[in-house]
Amino acid sequence: MSDPAHPNAMDTFIKYAGPLLAVATAALSFYVALTTRETNQKLAAAETASKELKLNSDRYDLAPRIVAELGAQNAAEFAATVRQQQMPLKVLDPALESQLVEGSKLWGAGRHLMTGAGSTGLYLRQIVYVKIANLGKTATSELKLVVRQRDFGLAGNGTQVKRYGELDTQGDGWIERTLNVPDLMEQGAETHGMPTRVLLPLAQISGGEYYFGRVLVPVKLLWFDKLQGKTGELAVRVTQSGALDNQLMSAILGMSTSSKNEPTAPRAN
């Protein structure tokens with residue numbers, strides 16, 4: 001009897017390669033499915049992040065955006081602003097309002113604009129203010145101004161302290177208050193002339209560092225952001241207001257020939 005024929009090499013390859021190929025195909029299919037799943041998850045996450053970013057951008061664009069600018073007017077200009085109502089003006093504190101209203105009657109008539117002369121020159125009376133505007137597309141809600149407050153005497157030439165931006169409002173005699181500010185409308189023609197900004201008087205100063213009556217120093221603005229459901233906040237940086245400092249410097253009008261040898265407090269005119 002003859003020996004059985006030896007297995008053909010191709011038959012052997014087919015016999016073992018088939019199962020191996022099936023295993024490899026299954027593994028590849030699993031890998032492709034897993035990779036596709038991870039890719040889809042990454043694309044979904046990126047799409048969600050993009051939508052959230054756009055939503056946040058839209059919220060920012062629509063939300064109230066508050067800006068604040070410090071400045072000073074000489075007393076005559078302030079009296080004209082009060083009389084002519086050139087822009088929305090609001091005095092937040094009743095005591096300060098009374099002092100400025102009474103003063104404006106004199107300043108508008110050209111009286112008591114100068115408080116005297118010192119060794120540096122003639123001293124001009126000024127009103128410090130903060131101008132607040134809403135640059136957003138939604139009206140403000142629950143707008144408030146946090147201030148530090150102190151009272152000085154109204155009579156005479158005022159109380160000499162320091163420049164407005166250098167006042168130590170944490171010292172004795174100063175208290176902190178939160179004052180309600182009228183809500184400001186959003187930017188746009190649909191506001192029909194309703195106020196989108198307001199001018200808030202803060203203090204009465206002469207010669208850059210002589211103070212009269214009630215003095216308010218702003219700290220920060222607060223409001224409620226309805227779109228994001230949280231409180232918005234803006235610090236008012238008095239110490240960094242170079243424009244205000246320059247305006248206060250302009251309150252010393254040259255050198256008084258009668259006071260070159262008088263380093264004492266200014267004399268009221």
# chains A, B, ... in the order shown; residues from 1 in each chain; ligands from 1

$ residues_around --residues "Ser206 (chain A)" --least-positions-apart "3" --cutoff "9 Å" --atoms "only C-alpha atoms" --output "list in words"
Met114, Thr115, Tyr123, Leu124, Arg125, Gln126, Ile127, Asn157, Gly158, Glu209, Tyr210, Tyr211, Phe212, Leu248, Ala251 and Ile252 of chain A

$ closest_residue --among "A:Gly208, A:Met249, A:Ala155, A:Val219" --to "Thr178 (chain A)" --atoms "only C-alpha atoms"
A:Val219

$ residues_around --residues "Val128 (chain A)" --least-positions-apart "4" --cutoff "9 Å" --atoms "only C-alpha atoms" --output "PDB file with all heavy atoms, in the first residue's frame"
ATOM      1  N   LEU A  70     -13.836 109.598  34.982  1.00  0.00           N
ATOM      2  CA  LEU A  70     -13.740 110.657  35.991  1.00  0.00           C
ATOM      3  C   LEU A  70     -13.327 111.972  35.340  1.00  0.00           C
ATOM      4  O   LEU A  70     -12.548 111.989  34.387  1.00  0.00           O
ATOM      5  CB  LEU A  70     -12.726 110.267  37.063  1.00  0.00           C
ATOM      6  CG  LEU A  70     -13.167 109.158  38.024  1.00  0.00           C
ATOM      7  CD1 LEU A  70     -11.955 108.494  38.659  1.00  0.00           C
ATOM      8  CD2 LEU A  70     -14.089 109.708  39.096  1.00  0.00           C
ATOM      9  N   GLY A  71     -13.856 113.070  35.866  1.00  0.00           N
ATOM     10  CA  GLY A  71     -13.493 114.369  35.339  1.00  0.00           C
ATOM     11  C   GLY A  71     -13.861 115.470  36.313  1.00  0.00           C
ATOM     12  O   GLY A  71     -14.331 115.211  37.426  1.00  0.00           O
ATOM     13  N   ALA A  72     -13.635 116.722  35.909  1.00  0.00           N
ATOM     14  CA  ALA A  72     -13.962 117.876  36.758  1.00  0.00           C
ATOM     15  C   ALA A  72     -14.399 119.035  35.883  1.00  0.00           C
ATOM     16  O   ALA A  72     -13.868 119.244  34.794  1.00  0.00           O
ATOM     17  CB  ALA A  72     -12.759 118.276  37.605  1.00  0.00           C
ATOM     18  N   GLN A  73     -15.395 119.780  36.350  1.00  0.00           N
ATOM     19  CA  GLN A  73     -15.851 121.006  35.702  1.00  0.00           C
ATOM     20  C   GLN A  73     -15.605 122.173  36.640  1.00  0.00           C
ATOM     21  O   GLN A  73     -15.732 122.013  37.860  1.00  0.00           O
ATOM     22  CB  GLN A  73     -17.358 120.944  35.418  1.00  0.00           C
ATOM     23  CG  GLN A  73     -17.779 120.049  34.284  1.00  0.00           C
ATOM     24  CD  GLN A  73     -19.285 120.153  34.044  1.00  0.00           C
ATOM     25  OE1 GLN A  73     -20.064 120.231  34.978  1.00  0.00           O
ATOM     26  NE2 GLN A  73     -19.672 120.149  32.783  1.00  0.00           N
ATOM     27  N   ASN A  74     -15.275 123.338  36.081  1.00  0.00           N
ATOM     28  CA  ASN A  74     -15.236 124.496  36.970  1.00  0.00           C
ATOM     29  C   ASN A  74     -16.671 124.828  37.375  1.00  0.00           C
ATOM     30  O   ASN A  74     -17.635 124.431  36.711  1.00  0.00           O
ATOM     31  CB  ASN A  74     -14.500 125.680  36.345  1.00  0.00           C
ATOM     32  CG  ASN A  74     -15.253 126.323  35.201  1.00  0.00           C
ATOM     33  OD1 ASN A  74     -16.399 126.736  35.359  1.00  0.00           O
ATOM     34  ND2 ASN A  74     -14.614 126.421  34.037  1.00  0.00           N
ATOM     35  N   TYR A 164      -7.260 114.636  44.951  1.00  0.00           N
ATOM     36  CA  TYR A 164      -8.391 113.707  45.006  1.00  0.00           C
ATOM     37  C   TYR A 164      -7.947 112.246  44.844  1.00  0.00           C
ATOM     38  O   TYR A 164      -8.402 111.368  45.567  1.00  0.00           O
ATOM     39  CB  TYR A 164      -9.391 114.084  43.912  1.00  0.00           C
ATOM     40  CG  TYR A 164     -10.718 113.374  44.000  1.00  0.00           C
ATOM     41  CD1 TYR A 164     -11.686 113.767  44.913  1.00  0.00           C
ATOM     42  CD2 TYR A 164     -11.018 112.315  43.140  1.00  0.00           C
ATOM     43  CE1 TYR A 164     -12.917 113.133  44.981  1.00  0.00           C
ATOM     44  CE2 TYR A 164     -12.243 111.676  43.195  1.00  0.00           C
ATOM     45  CZ  TYR A 164     -13.181 112.084  44.121  1.00  0.00           C
ATOM     46  OH  TYR A 164     -14.407 111.439  44.185  1.00  0.00           O
ATOM     47  N   LEU A 200     -22.581 111.956  37.469  1.00  0.00           N
ATOM     48  CA  LEU A 200     -22.789 111.925  38.914  1.00  0.00           C
ATOM     49  C   LEU A 200     -21.767 112.824  39.612  1.00  0.00           C
ATOM     50  O   LEU A 200     -20.581 112.481  39.675  1.00  0.00           O
ATOM     51  CB  LEU A 200     -22.644 110.489  39.439  1.00  0.00           C
ATOM     52  CG  LEU A 200     -23.486 109.415  38.756  1.00  0.00           C
ATOM     53  CD1 LEU A 200     -23.137 108.038  39.310  1.00  0.00           C
ATOM     54  CD2 LEU A 200     -24.975 109.702  38.914  1.00  0.00           C
ATOM     55  N   PRO A 201     -22.156 113.991  40.123  1.00  0.00           N
ATOM     56  CA  PRO A 201     -21.231 114.838  40.885  1.00  0.00           C
ATOM     57  C   PRO A 201     -20.781 114.125  42.161  1.00  0.00           C
ATOM     58  O   PRO A 201     -21.573 113.420  42.806  1.00  0.00           O
ATOM     59  CB  PRO A 201     -22.074 116.073  41.209  1.00  0.00           C
ATOM     60  CG  PRO A 201     -23.164 116.065  40.194  1.00  0.00           C
ATOM     61  CD  PRO A 201     -23.469 114.627  39.947  1.00  0.00           C
ATOM     62  N   LEU A 202     -19.513 114.349  42.534  1.00  0.00           N
ATOM     63  CA  LEU A 202     -18.926 113.637  43.668  1.00  0.00           C
ATOM     64  C   LEU A 202     -18.368 114.552  44.755  1.00  0.00           C
ATOM     65  O   LEU A 202     -18.405 114.198  45.935  1.00  0.00           O
ATOM     66  CB  LEU A 202     -17.800 112.716  43.178  1.00  0.00           C
ATOM     67  CG  LEU A 202     -18.178 111.634  42.184  1.00  0.00           C
ATOM     68  CD1 LEU A 202     -16.924 110.979  41.616  1.00  0.00           C
ATOM     69  CD2 LEU A 202     -19.071 110.587  42.835  1.00  0.00           C
ATOM     70  N   ALA A 203     -17.820 115.704  44.373  1.00  0.00           N
ATOM     71  CA  ALA A 203     -17.133 116.526  45.374  1.00  0.00           C
ATOM     72  C   ALA A 203     -16.945 117.942  44.854  1.00  0.00           C
ATOM     73  O   ALA A 203     -16.926 118.183  43.642  1.00  0.00           O
ATOM     74  CB  ALA A 203     -15.769 115.918  45.704  1.00  0.00           C
ATOM     75  N   GLN A 204     -16.773 118.850  45.794  1.00  0.00           N
ATOM     76  CA  GLN A 204     -16.517 120.269  45.508  1.00  0.00           C
ATOM     77  C   GLN A 204     -15.105 120.585  46.005  1.00  0.00           C
ATOM     78  O   GLN A 204     -14.809 120.461  47.189  1.00  0.00           O
ATOM     79  CB  GLN A 204     -17.560 121.120  46.236  1.00  0.00           C
ATOM     80  CG  GLN A 204     -17.486 122.600  45.935  1.00  0.00           C
ATOM     81  CD  GLN A 204     -18.515 123.377  46.739  1.00  0.00           C
ATOM     82  OE1 GLN A 204     -18.348 124.571  46.967  1.00  0.00           O
ATOM     83  NE2 GLN A 204     -19.576 122.714  47.212  1.00  0.00           N
ATOM     84  N   ILE A 205     -14.215 120.981  45.078  1.00  0.00           N
ATOM     85  CA  ILE A 205     -12.792 121.151  45.395  1.00  0.00           C
ATOM     86  C   ILE A 205     -12.309 122.494  44.853  1.00  0.00           C
ATOM     87  O   ILE A 205     -12.803 122.992  43.841  1.00  0.00           O
ATOM     88  CB  ILE A 205     -11.940 120.015  44.777  1.00  0.00           C
ATOM     89  CG1 ILE A 205     -12.462 118.644  45.208  1.00  0.00           C
ATOM     90  CG2 ILE A 205     -10.475 120.138  45.178  1.00  0.00           C
ATOM     91  CD1 ILE A 205     -11.687 117.497  44.627  1.00  0.00           C
ATOM     92  N   LEU A 244      -8.258 113.293  35.154  1.00  0.00           N
ATOM     93  CA  LEU A 244      -8.807 114.043  36.286  1.00  0.00           C
ATOM     94  C   LEU A 244      -7.711 114.822  36.995  1.00  0.00           C
ATOM     95  O   LEU A 244      -7.899 115.997  37.349  1.00  0.00           O
ATOM     96  CB  LEU A 244      -9.488 113.085  37.273  1.00  0.00           C
ATOM     97  CG  LEU A 244      -9.955 113.718  38.592  1.00  0.00           C
ATOM     98  CD1 LEU A 244     -10.970 114.821  38.329  1.00  0.00           C
ATOM     99  CD2 LEU A 244     -10.537 112.661  39.517  1.00  0.00           C
ATOM    100  N   LEU A 248      -7.608 118.889  37.644  1.00  0.00           N
ATOM    101  CA  LEU A 248      -7.494 119.506  38.965  1.00  0.00           C
ATOM    102  C   LEU A 248      -6.278 120.438  39.035  1.00  0.00           C
ATOM    103  O   LEU A 248      -6.310 121.467  39.705  1.00  0.00           O
ATOM    104  CB  LEU A 248      -7.401 118.429  40.047  1.00  0.00           C
ATOM    105  CG  LEU A 248      -8.657 117.582  40.243  1.00  0.00           C
ATOM    106  CD1 LEU A 248      -8.431 116.508  41.297  1.00  0.00           C
ATOM    107  CD2 LEU A 248      -9.851 118.452  40.620  1.00  0.00           C
TER     108      LEU A 248
END

$ residues_around --residues "region 227-243 of chain A" --least-positions-apart "4" --cutoff "12 Å" --atoms "only C-alpha atoms" --output "ChimeraX atom specification"
/A:55-72,128-132,136-148,163-169,202,216-223,247-250

$ residues_around --residues "Glu102 (chain A)" --least-positions-apart "2" --cutoff "12 Å" --atoms "only C-alpha atoms" --output "PDB file with all heavy atoms, in the first residue's frame"
ATOM      1  N   ALA A  75     -16.823 125.541  38.467  1.00  0.00           N
ATOM      2  CA  ALA A  75     -18.140 125.738  39.058  1.00  0.00           C
ATOM      3  C   ALA A  75     -19.113 126.433  38.115  1.00  0.00           C
ATOM      4  O   ALA A  75     -20.305 126.137  38.115  1.00  0.00           O
ATOM      5  CB  ALA A  75     -17.998 126.533  40.356  1.00  0.00           C
ATOM      6  N   ALA A  79     -22.675 124.890  36.907  1.00  0.00           N
ATOM      7  CA  ALA A  79     -23.939 125.606  37.059  1.00  0.00           C
ATOM      8  C   ALA A  79     -24.689 125.659  35.727  1.00  0.00           C
ATOM      9  O   ALA A  79     -25.921 125.527  35.688  1.00  0.00           O
ATOM     10  CB  ALA A  79     -23.685 127.013  37.587  1.00  0.00           C
ATOM     11  N   VAL A  82     -26.253 122.268  35.066  1.00  0.00           N
ATOM     12  CA  VAL A  82     -27.468 122.126  35.870  1.00  0.00           C
ATOM     13  C   VAL A  82     -28.617 122.917  35.237  1.00  0.00           C
ATOM     14  O   VAL A  82     -29.741 122.419  35.105  1.00  0.00           O
ATOM     15  CB  VAL A  82     -27.223 122.603  37.314  1.00  0.00           C
ATOM     16  CG1 VAL A  82     -28.521 122.620  38.099  1.00  0.00           C
ATOM     17  CG2 VAL A  82     -26.200 121.707  38.003  1.00  0.00           C
ATOM     18  N   ALA A  95     -27.585 115.337  50.840  1.00  0.00           N
ATOM     19  CA  ALA A  95     -26.793 116.420  51.434  1.00  0.00           C
ATOM     20  C   ALA A  95     -25.914 117.079  50.375  1.00  0.00           C
ATOM     21  O   ALA A  95     -25.826 118.309  50.291  1.00  0.00           O
ATOM     22  CB  ALA A  95     -25.946 115.895  52.583  1.00  0.00           C
ATOM     23  N   LEU A  96     -25.263 116.268  49.543  1.00  0.00           N
ATOM     24  CA  LEU A  96     -24.422 116.814  48.477  1.00  0.00           C
ATOM     25  C   LEU A  96     -25.277 117.569  47.459  1.00  0.00           C
ATOM     26  O   LEU A  96     -24.879 118.639  46.979  1.00  0.00           O
ATOM     27  CB  LEU A  96     -23.647 115.686  47.793  1.00  0.00           C
ATOM     28  CG  LEU A  96     -22.742 116.090  46.621  1.00  0.00           C
ATOM     29  CD1 LEU A  96     -21.690 117.094  47.061  1.00  0.00           C
ATOM     30  CD2 LEU A  96     -22.082 114.860  46.003  1.00  0.00           C
ATOM     31  N   GLU A  97     -26.450 117.051  47.154  1.00  0.00           N
ATOM     32  CA  GLU A  97     -27.344 117.727  46.209  1.00  0.00           C
ATOM     33  C   GLU A  97     -27.733 119.109  46.719  1.00  0.00           C
ATOM     34  O   GLU A  97     -27.711 120.090  45.966  1.00  0.00           O
ATOM     35  CB  GLU A  97     -28.599 116.888  45.984  1.00  0.00           C
ATOM     36  CG  GLU A  97     -29.571 117.511  44.996  1.00  0.00           C
ATOM     37  CD  GLU A  97     -30.782 116.636  44.760  1.00  0.00           C
ATOM     38  OE1 GLU A  97     -31.130 115.840  45.650  1.00  0.00           O
ATOM     39  OE2 GLU A  97     -31.386 116.750  43.677  1.00  0.00           O
ATOM     40  N   SER A  98     -28.088 119.204  47.985  1.00  0.00           N
ATOM     41  CA  SER A  98     -28.456 120.491  48.562  1.00  0.00           C
ATOM     42  C   SER A  98     -27.308 121.483  48.477  1.00  0.00           C
ATOM     43  O   SER A  98     -27.494 122.656  48.115  1.00  0.00           O
ATOM     44  CB  SER A  98     -28.892 120.302  50.019  1.00  0.00           C
ATOM     45  OG  SER A  98     -29.177 121.533  50.631  1.00  0.00           O
ATOM     46  N   GLN A  99     -26.095 121.029  48.790  1.00  0.00           N
ATOM     47  CA  GLN A  99     -24.930 121.912  48.746  1.00  0.00           C
ATOM     48  C   GLN A  99     -24.651 122.407  47.329  1.00  0.00           C
ATOM     49  O   GLN A  99     -24.345 123.593  47.119  1.00  0.00           O
ATOM     50  CB  GLN A  99     -23.717 121.156  49.297  1.00  0.00           C
ATOM     51  CG  GLN A  99     -23.819 120.832  50.786  1.00  0.00           C
ATOM     52  CD  GLN A  99     -22.825 119.774  51.217  1.00  0.00           C
ATOM     53  OE1 GLN A  99     -21.929 119.400  50.471  1.00  0.00           O
ATOM     54  NE2 GLN A  99     -22.985 119.285  52.451  1.00  0.00           N
ATOM     55  N   LEU A 100     -24.779 121.517  46.335  1.00  0.00           N
ATOM     56  CA  LEU A 100     -24.479 121.900  44.959  1.00  0.00           C
ATOM     57  C   LEU A 100     -25.572 122.774  44.350  1.00  0.00           C
ATOM     58  O   LEU A 100     -25.288 123.679  43.563  1.00  0.00           O
ATOM     59  CB  LEU A 100     -24.262 120.649  44.110  1.00  0.00           C
ATOM     60  CG  LEU A 100     -23.034 119.807  44.472  1.00  0.00           C
ATOM     61  CD1 LEU A 100     -22.940 118.588  43.581  1.00  0.00           C
ATOM     62  CD2 LEU A 100     -21.749 120.626  44.387  1.00  0.00           C
ATOM     63  N   SER A 104     -24.796 126.429  43.064  1.00  0.00           N
ATOM     64  CA  SER A 104     -24.990 126.741  41.650  1.00  0.00           C
ATOM     65  C   SER A 104     -25.687 128.076  41.443  1.00  0.00           C
ATOM     66  O   SER A 104     -25.468 128.747  40.430  1.00  0.00           O
ATOM     67  CB  SER A 104     -25.800 125.627  40.974  1.00  0.00           C
ATOM     68  OG  SER A 104     -25.045 124.437  40.911  1.00  0.00           O
ATOM     69  N   LYS A 105     -26.534 128.472  42.400  1.00  0.00           N
ATOM     70  CA  LYS A 105     -27.212 129.758  42.293  1.00  0.00           C
ATOM     71  C   LYS A 105     -26.196 130.899  42.285  1.00  0.00           C
ATOM     72  O   LYS A 105     -26.356 131.886  41.557  1.00  0.00           O
ATOM     73  CB  LYS A 105     -28.187 129.933  43.447  1.00  0.00           C
ATOM     74  CG  LYS A 105     -29.327 128.915  43.461  1.00  0.00           C
ATOM     75  CD  LYS A 105     -30.179 129.073  44.702  1.00  0.00           C
ATOM     76  CE  LYS A 105     -31.283 128.017  44.763  1.00  0.00           C
ATOM     77  NZ  LYS A 105     -32.089 128.125  46.016  1.00  0.00           N
ATOM     78  N   LEU A 106     -25.147 130.766  43.085  1.00  0.00           N
ATOM     79  CA  LEU A 106     -24.096 131.786  43.138  1.00  0.00           C
ATOM     80  C   LEU A 106     -23.133 131.652  41.964  1.00  0.00           C
ATOM     81  O   LEU A 106     -22.754 132.643  41.341  1.00  0.00           O
ATOM     82  CB  LEU A 106     -23.340 131.664  44.458  1.00  0.00           C
ATOM     83  CG  LEU A 106     -24.163 131.861  45.736  1.00  0.00           C
ATOM     84  CD1 LEU A 106     -23.330 131.515  46.958  1.00  0.00           C
ATOM     85  CD2 LEU A 106     -24.655 133.297  45.827  1.00  0.00           C
ATOM     86  N   TRP A 107     -22.734 130.420  41.653  1.00  0.00           N
ATOM     87  CA  TRP A 107     -21.762 130.213  40.588  1.00  0.00           C
ATOM     88  C   TRP A 107     -22.326 130.624  39.236  1.00  0.00           C
ATOM     89  O   TRP A 107     -21.619 131.156  38.393  1.00  0.00           O
ATOM     90  CB  TRP A 107     -21.327 128.744  40.551  1.00  0.00           C
ATOM     91  CG  TRP A 107     -20.876 128.229  41.887  1.00  0.00           C
ATOM     92  CD1 TRP A 107     -20.290 128.948  42.887  1.00  0.00           C
ATOM     93  CD2 TRP A 107     -20.995 126.897  42.378  1.00  0.00           C
ATOM     94  NE1 TRP A 107     -20.035 128.148  43.968  1.00  0.00           N
ATOM     95  CE2 TRP A 107     -20.451 126.872  43.692  1.00  0.00           C
ATOM     96  CE3 TRP A 107     -21.502 125.705  41.863  1.00  0.00           C
ATOM     97  CZ2 TRP A 107     -20.409 125.725  44.465  1.00  0.00           C
ATOM     98  CZ3 TRP A 107     -21.457 124.549  42.626  1.00  0.00           C
ATOM     99  CH2 TRP A 107     -20.914 124.569  43.924  1.00  0.00           C
ATOM    100  N   GLY A 108     -23.623 130.372  39.033  1.00  0.00           N
ATOM    101  CA  GLY A 108     -24.240 130.771  37.775  1.00  0.00           C
ATOM    102  C   GLY A 108     -24.251 132.276  37.591  1.00  0.00           C
ATOM    103  O   GLY A 108     -24.269 132.771  36.455  1.00  0.00           O
ATOM    104  N   ALA A 109     -24.238 133.008  38.713  1.00  0.00           N
ATOM    105  CA  ALA A 109     -24.201 134.477  38.654  1.00  0.00           C
ATOM    106  C   ALA A 109     -22.774 135.008  38.680  1.00  0.00           C
ATOM    107  O   ALA A 109     -22.562 136.223  38.782  1.00  0.00           O
ATOM    108  CB  ALA A 109     -25.002 135.050  39.826  1.00  0.00           C
ATOM    109  N   ARG A 111     -20.469 134.385  41.025  1.00  0.00           N
ATOM    110  CA  ARG A 111     -19.999 134.669  42.380  1.00  0.00           C
ATOM    111  C   ARG A 111     -19.401 133.413  43.013  1.00  0.00           C
ATOM    112  O   ARG A 111     -19.850 132.307  42.785  1.00  0.00           O
ATOM    113  CB  ARG A 111     -21.156 135.188  43.238  1.00  0.00           C
ATOM    114  CG  ARG A 111     -21.788 136.470  42.714  1.00  0.00           C
ATOM    115  CD  ARG A 111     -23.039 136.814  43.505  1.00  0.00           C
ATOM    116  NE  ARG A 111     -22.743 136.931  44.936  1.00  0.00           N
ATOM    117  CZ  ARG A 111     -23.682 136.946  45.884  1.00  0.00           C
ATOM    118  NH1 ARG A 111     -24.965 136.835  45.539  1.00  0.00           N
ATOM    119  NH2 ARG A 111     -23.342 137.062  47.153  1.00  0.00           N
ATOM    120  N   HIS A 112     -18.378 133.644  43.833  1.00  0.00           N
ATOM    121  CA  HIS A 112     -17.708 132.587  44.602  1.00  0.00           C
ATOM    122  C   HIS A 112     -17.081 131.508  43.713  1.00  0.00           C
ATOM    123  O   HIS A 112     -16.941 130.367  44.127  1.00  0.00           O
ATOM    124  CB  HIS A 112     -18.683 131.928  45.586  1.00  0.00           C
ATOM    125  CG  HIS A 112     -19.144 132.845  46.671  1.00  0.00           C
ATOM    126  ND1 HIS A 112     -19.947 132.423  47.695  1.00  0.00           N
ATOM    127  CD2 HIS A 112     -18.933 134.173  46.890  1.00  0.00           C
ATOM    128  CE1 HIS A 112     -20.217 133.438  48.507  1.00  0.00           C
ATOM    129  NE2 HIS A 112     -19.590 134.519  48.024  1.00  0.00           N
ATOM    130  N   LEU A 154     -18.190 123.812  54.975  1.00  0.00           N
ATOM    131  CA  LEU A 154     -18.520 124.567  53.768  1.00  0.00           C
ATOM    132  C   LEU A 154     -17.990 125.996  53.800  1.00  0.00           C
ATOM    133  O   LEU A 154     -17.792 126.620  52.760  1.00  0.00           O
ATOM    134  CB  LEU A 154     -20.037 124.603  53.576  1.00  0.00           C
ATOM    135  CG  LEU A 154     -20.675 123.373  52.935  1.00  0.00           C
ATOM    136  CD1 LEU A 154     -22.186 123.438  53.072  1.00  0.00           C
ATOM    137  CD2 LEU A 154     -20.278 123.276  51.468  1.00  0.00           C
ATOM    138  N   GLY A 213     -17.704 120.693  52.059  1.00  0.00           N
ATOM    139  CA  GLY A 213     -18.916 119.893  52.213  1.00  0.00           C
ATOM    140  C   GLY A 213     -18.684 118.405  52.044  1.00  0.00           C
ATOM    141  O   GLY A 213     -17.615 117.865  52.333  1.00  0.00           O
TER     142      GLY A 213
END

$ atom_distance --atom1 "CA of Gln41 (chain A)" --atom2 "CA of Ser29 (chain A)"
18.2 Å

$ select_by_dssp --residues "region 210-259 of chain A" --states "helix (DSSP H, G or I)" --output "VMD selection string"
chain A and resid 238 to 240 242 to 249

$ closest_residue --among "A:Glu186, A:Asp172, A:Asp151, A:Asp93" --to "Leu135 (chain A)" --atoms "only C-alpha atoms"
A:Glu186
